[in-house]
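As provided, target_2.pdb (PDB, C-alpha atoms) reads as follows.
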MODEL        1
ATOM      1  CA  ASP A   1       6.320 -14.575  21.779  1.00  0.00           C
ATOM      2  CA  PRO A   2       4.846 -11.166  22.701  1.00  0.00           C
ATOM      3  CA  VAL A   3       8.216  -9.384  22.674  1.00  0.00           C
ATOM      4  CA  ALA A   4       9.023 -10.611  19.160  1.00  0.00           C
ATOM      5  CA  ARG A   5       5.536  -9.672  17.919  1.00  0.00           C
ATOM      6  CA  ALA A   6       5.937  -6.181  19.399  1.00  0.00           C
ATOM      7  CA  ALA A   7       9.295  -5.839  17.613  1.00  0.00           C
ATOM      8  CA  PHE A   8       7.694  -6.796  14.283  1.00  0.00           C
ATOM      9  CA  ASP A   9       4.874  -4.345  14.959  1.00  0.00           C
ATOM     10  CA  ARG A  10       7.383  -1.512  15.540  1.00  0.00           C
ATOM     11  CA  ALA A  11       9.282  -2.503  12.395  1.00  0.00           C
ATOM     12  CA  GLY A  12       6.015  -2.675  10.467  1.00  0.00           C
ATOM     13  CA  ARG A  13       5.060   0.810  11.637  1.00  0.00           C
ATOM     14  CA  ALA A  14       8.441   2.226  10.568  1.00  0.00           C
ATOM     15  CA  LEU A  15       8.275   0.503   7.175  1.00  0.00           C
ATOM     16  CA  ALA A  16       4.698   1.709   6.652  1.00  0.00           C
ATOM     17  CA  ALA A  17       5.743   5.302   7.354  1.00  0.00           C
ATOM     18  CA  ALA A  18       8.690   5.042   4.957  1.00  0.00           C
ATOM     19  CA  ILE A  19       6.611   3.376   2.240  1.00  0.00           C
ATOM     20  CA  ALA A  20       3.827   5.950   2.529  1.00  0.00           C
ATOM     21  CA  ALA A  21       6.290   8.854   2.392  1.00  0.00           C
ATOM     22  CA  THR A  22       8.073   7.424  -0.639  1.00  0.00           C
ATOM     23  CA  ALA A  23       4.825   6.582  -2.424  1.00  0.00           C
ATOM     24  CA  THR A  24       3.605  10.121  -1.809  1.00  0.00           C
ATOM     25  CA  LEU A  25       6.741  11.541  -3.422  1.00  0.00           C
ATOM     26  CA  VAL A  26       6.794   9.292  -6.474  1.00  0.00           C
ATOM     27  CA  GLU A  27       3.053   8.572  -6.766  1.00  0.00           C
ATOM     28  CA  THR A  28       3.317   4.797  -7.009  1.00  0.00           C
ATOM     29  CA  ASP A  29       0.564   2.307  -6.303  1.00  0.00           C
ATOM     30  CA  ILE A  30       2.650  -0.698  -5.247  1.00  0.00           C
ATOM     31  CA  ALA A  31       5.564  -1.276  -2.888  1.00  0.00           C
ATOM     32  CA  VAL A  32       7.535  -4.494  -3.282  1.00  0.00           C
ATOM     33  CA  ILE A  33       9.602  -5.725  -0.350  1.00  0.00           C
ATOM     34  CA  GLY A  34      12.325  -8.177  -1.246  1.00  0.00           C
ATOM     35  CA  GLY A  35      15.408  -9.760   0.180  1.00  0.00           C
ATOM     36  CA  GLY A  36      15.598 -11.658   3.414  1.00  0.00           C
ATOM     37  CA  VAL A  37      13.104  -9.426   5.193  1.00  0.00           C
ATOM     38  CA  ALA A  38      10.331 -10.571   2.838  1.00  0.00           C
ATOM     39  CA  ALA A  39      10.819 -14.114   4.134  1.00  0.00           C
ATOM     40  CA  ALA A  40       9.279 -13.016   7.445  1.00  0.00           C
ATOM     41  CA  GLY A  41       5.895 -13.286   5.742  1.00  0.00           C
ATOM     42  CA  ASP A  42       2.690 -12.296   7.478  1.00  0.00           C
ATOM     43  CA  ILE A  43       4.414 -11.609  10.811  1.00  0.00           C
ATOM     44  CA  LEU A  44       5.860  -8.514   9.095  1.00  0.00           C
ATOM     45  CA  PHE A  45       3.437  -7.798   6.256  1.00  0.00           C
ATOM     46  CA  THR A  46       0.320  -7.723   8.450  1.00  0.00           C
ATOM     47  CA  PRO A  47       1.578  -4.861  10.660  1.00  0.00           C
ATOM     48  CA  VAL A  48       2.966  -3.013   7.618  1.00  0.00           C
ATOM     49  CA  ARG A  49      -0.408  -3.153   5.895  1.00  0.00           C
ATOM     50  CA  THR A  50      -2.279  -2.249   9.084  1.00  0.00           C
ATOM     51  CA  HIS A  51      -0.112   0.782   9.848  1.00  0.00           C
ATOM     52  CA  LEU A  52      -0.055   1.851   6.214  1.00  0.00           C
ATOM     53  CA  ALA A  53      -3.686   2.897   6.581  1.00  0.00           C
ATOM     54  CA  GLU A  54      -2.538   5.486   9.158  1.00  0.00           C
ATOM     55  CA  TYR A  55       0.157   6.969   6.927  1.00  0.00           C
ATOM     56  CA  ALA A  56      -1.078   6.610   3.329  1.00  0.00           C
ATOM     57  CA  THR A  57      -4.051   8.934   3.646  1.00  0.00           C
ATOM     58  CA  LEU A  58      -3.792  11.081   0.529  1.00  0.00           C
ATOM     59  CA  SER A  59      -6.146  10.058  -2.263  1.00  0.00           C
ATOM     60  CA  PHE A  60      -3.392   9.016  -4.683  1.00  0.00           C
ATOM     61  CA  VAL A  61      -1.728   6.637  -2.191  1.00  0.00           C
ATOM     62  CA  ASP A  62      -4.877   5.457  -0.433  1.00  0.00           C
ATOM     63  CA  GLY A  63      -4.981   2.159  -2.350  1.00  0.00           C
ATOM     64  CA  LEU A  64      -1.264   1.432  -2.045  1.00  0.00           C
ATOM     65  CA  THR A  65      -0.442  -2.277  -2.201  1.00  0.00           C
ATOM     66  CA  VAL A  66       2.468  -3.833  -0.294  1.00  0.00           C
ATOM     67  CA  THR A  67       3.629  -7.219  -1.530  1.00  0.00           C
ATOM     68  CA  PRO A  68       6.656  -9.486  -1.190  1.00  0.00           C
ATOM     69  CA  ALA A  69       9.001  -9.744  -4.168  1.00  0.00           C
ATOM     70  CA  THR A  70       8.383 -12.899  -6.156  1.00  0.00           C
ATOM     71  CA  LEU A  71      12.123 -13.308  -6.677  1.00  0.00           C
ATOM     72  CA  GLY A  72      12.785 -13.445  -2.921  1.00  0.00           C
ATOM     73  CA  THR A  73      16.375 -12.891  -1.894  1.00  0.00           C
ATOM     74  CA  ASP A  74      17.529 -12.766  -5.533  1.00  0.00           C
ATOM     75  CA  ALA A  75      15.448  -9.677  -6.381  1.00  0.00           C
ATOM     76  CA  GLY A  76      18.277  -7.169  -5.824  1.00  0.00           C
ATOM     77  CA  LEU A  77      20.787  -9.234  -7.752  1.00  0.00           C
ATOM     78  CA  ILE A  78      18.454  -9.718 -10.709  1.00  0.00           C
ATOM     79  CA  GLY A  79      17.514  -6.027 -10.702  1.00  0.00           C
ATOM     80  CA  ALA A  80      21.171  -4.995 -10.690  1.00  0.00           C
ATOM     81  CA  ALA A  81      21.913  -7.379 -13.572  1.00  0.00           C
ATOM     82  CA  ALA A  82      18.956  -5.960 -15.544  1.00  0.00           C
ATOM     83  CA  ALA A  83      20.144  -2.382 -14.926  1.00  0.00           C
ATOM     84  CA  ALA A  84      23.683  -3.275 -15.987  1.00  0.00           C
ATOM     85  CA  THR A  85      22.372  -4.945 -19.137  1.00  0.00           C
ATOM     86  CA  MET A  86      20.379  -1.834 -20.017  1.00  0.00           C
ATOM     87  CA  LEU A  87      23.463   0.336 -19.575  1.00  0.00           C
ATOM     88  CA  LEU A  88      25.625  -1.966 -21.701  1.00  0.00           C
ATOM     89  CA  THR A  89      23.151  -2.129 -24.583  1.00  0.00           C
ATOM     90  CA  ARG A  90      22.906   1.633 -25.083  1.00  0.00           C
TER      91      ARG A  90
ENDMDL
END

Please render this file's structure as structure tokens.
Amino acid sequence: DPVARAAFDRAGRALAAAIAATATLVETDIAVIGGGVAAAGDILFTPVRTHLAEYATLSFVDGLTVTPATLGTDAGLIGAAAAATMLLTR
């Protein structure tokens, strides 16, 4: 559906801009997208990666990788549990 593909392209452009801006601030080389949005797969990740080339132009973010979280929709929950565990074991 062309309308749905255009919507994913717009979302991919917005995510690429946000990822590039964040990566520029914190100088990271990977962005992991998790939760339900990662389940969209290539319909979302292809436009994100394509548009990222327009936004991540500085040398230290030029090779930025965008990948889905391997934990899927549980990534946030597991991350929160790990952070809580670290705080409790201090």

Would you kindly translate the PyMOL selection byres ((chain A and resi 73) around 12) into the concrete residues it picks from this file, as number ranges by chain?
A: 33-40, 68-72, 74-79

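For the point (6.6, -3.3, -5.0), the residues with at least one atom inside 7 Å, counting all atoms listed in the file, are A:Ile30, A:Ala31, A:Val32, A:Ile33, A:Val66, A:Thr67, A:Ala69.
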
Hits of the PyMOL selection byres ((chain A and resi 52) around 10) in this structure, as a VMD selection string:
chain A and resid 12 to 20 46 to 51 53 to 57 61 to 66

Serialized selection, C-alpha atoms, as an mmCIF file, in the coordinates of the input:
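See part.cif below for the written result:
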data_model
loop_
_atom_site.group_PDB
_atom_site.id
_atom_site.type_symbol
_atom_site.label_atom_id
_atom_site.label_comp_id
_atom_site.auth_asym_id
_atom_site.auth_seq_id
_atom_site.Cartn_x
_atom_site.Cartn_y
_atom_site.Cartn_z
ATOM 1 C CA GLY A 12 6.015 -2.675 10.467
ATOM 2 C CA ARG A 13 5.060 0.810 11.637
ATOM 3 C CA ALA A 14 8.441 2.226 10.568
ATOM 4 C CA LEU A 15 8.275 0.503 7.175
ATOM 5 C CA ALA A 16 4.698 1.709 6.652
ATOM 6 C CA ALA A 17 5.743 5.302 7.354
ATOM 7 C CA ALA A 18 8.690 5.042 4.957
ATOM 8 C CA ILE A 19 6.611 3.376 2.240
ATOM 9 C CA ALA A 20 3.827 5.950 2.529
ATOM 10 C CA THR A 46 0.320 -7.723 8.450
ATOM 11 C CA PRO A 47 1.578 -4.861 10.660
ATOM 12 C CA VAL A 48 2.966 -3.013 7.618
ATOM 13 C CA ARG A 49 -0.408 -3.153 5.895
ATOM 14 C CA THR A 50 -2.279 -2.249 9.084
ATOM 15 C CA HIS A 51 -0.112 0.782 9.848
ATOM 16 C CA ALA A 53 -3.686 2.897 6.581
ATOM 17 C CA GLU A 54 -2.538 5.486 9.158
ATOM 18 C CA TYR A 55 0.157 6.969 6.927
ATOM 19 C CA ALA A 56 -1.078 6.610 3.329
ATOM 20 C CA THR A 57 -4.051 8.934 3.646
ATOM 21 C CA VAL A 61 -1.728 6.637 -2.191
ATOM 22 C CA ASP A 62 -4.877 5.457 -0.433
ATOM 23 C CA GLY A 63 -4.981 2.159 -2.350
ATOM 24 C CA LEU A 64 -1.264 1.432 -2.045
ATOM 25 C CA THR A 65 -0.442 -2.277 -2.201
ATOM 26 C CA VAL A 66 2.468 -3.833 -0.294
#

In Å and to one decimal, CA of Ala6 (chain A) is distant from CA of Leu44 (chain A) by 10.6 Å

What are the centre and the three edge lengths of an axis-aligned box that wraps all atoms of region 53-62 of chain A in the file, given that 6 Å is added to every side, written as lines of an AutoDock Vina configuration file and rounded to one decimal in Å?
center_x = -3.0
center_y = 7.0
center_z = 2.2
size_x = 18.3
size_y = 20.2
size_z = 25.8

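The closest residue to Ala11 (chain A), picked from A:Thr28, A:Ala23, A:Ile43, A:Thr89 and counting all atoms listed in the file, is A:Ile43.
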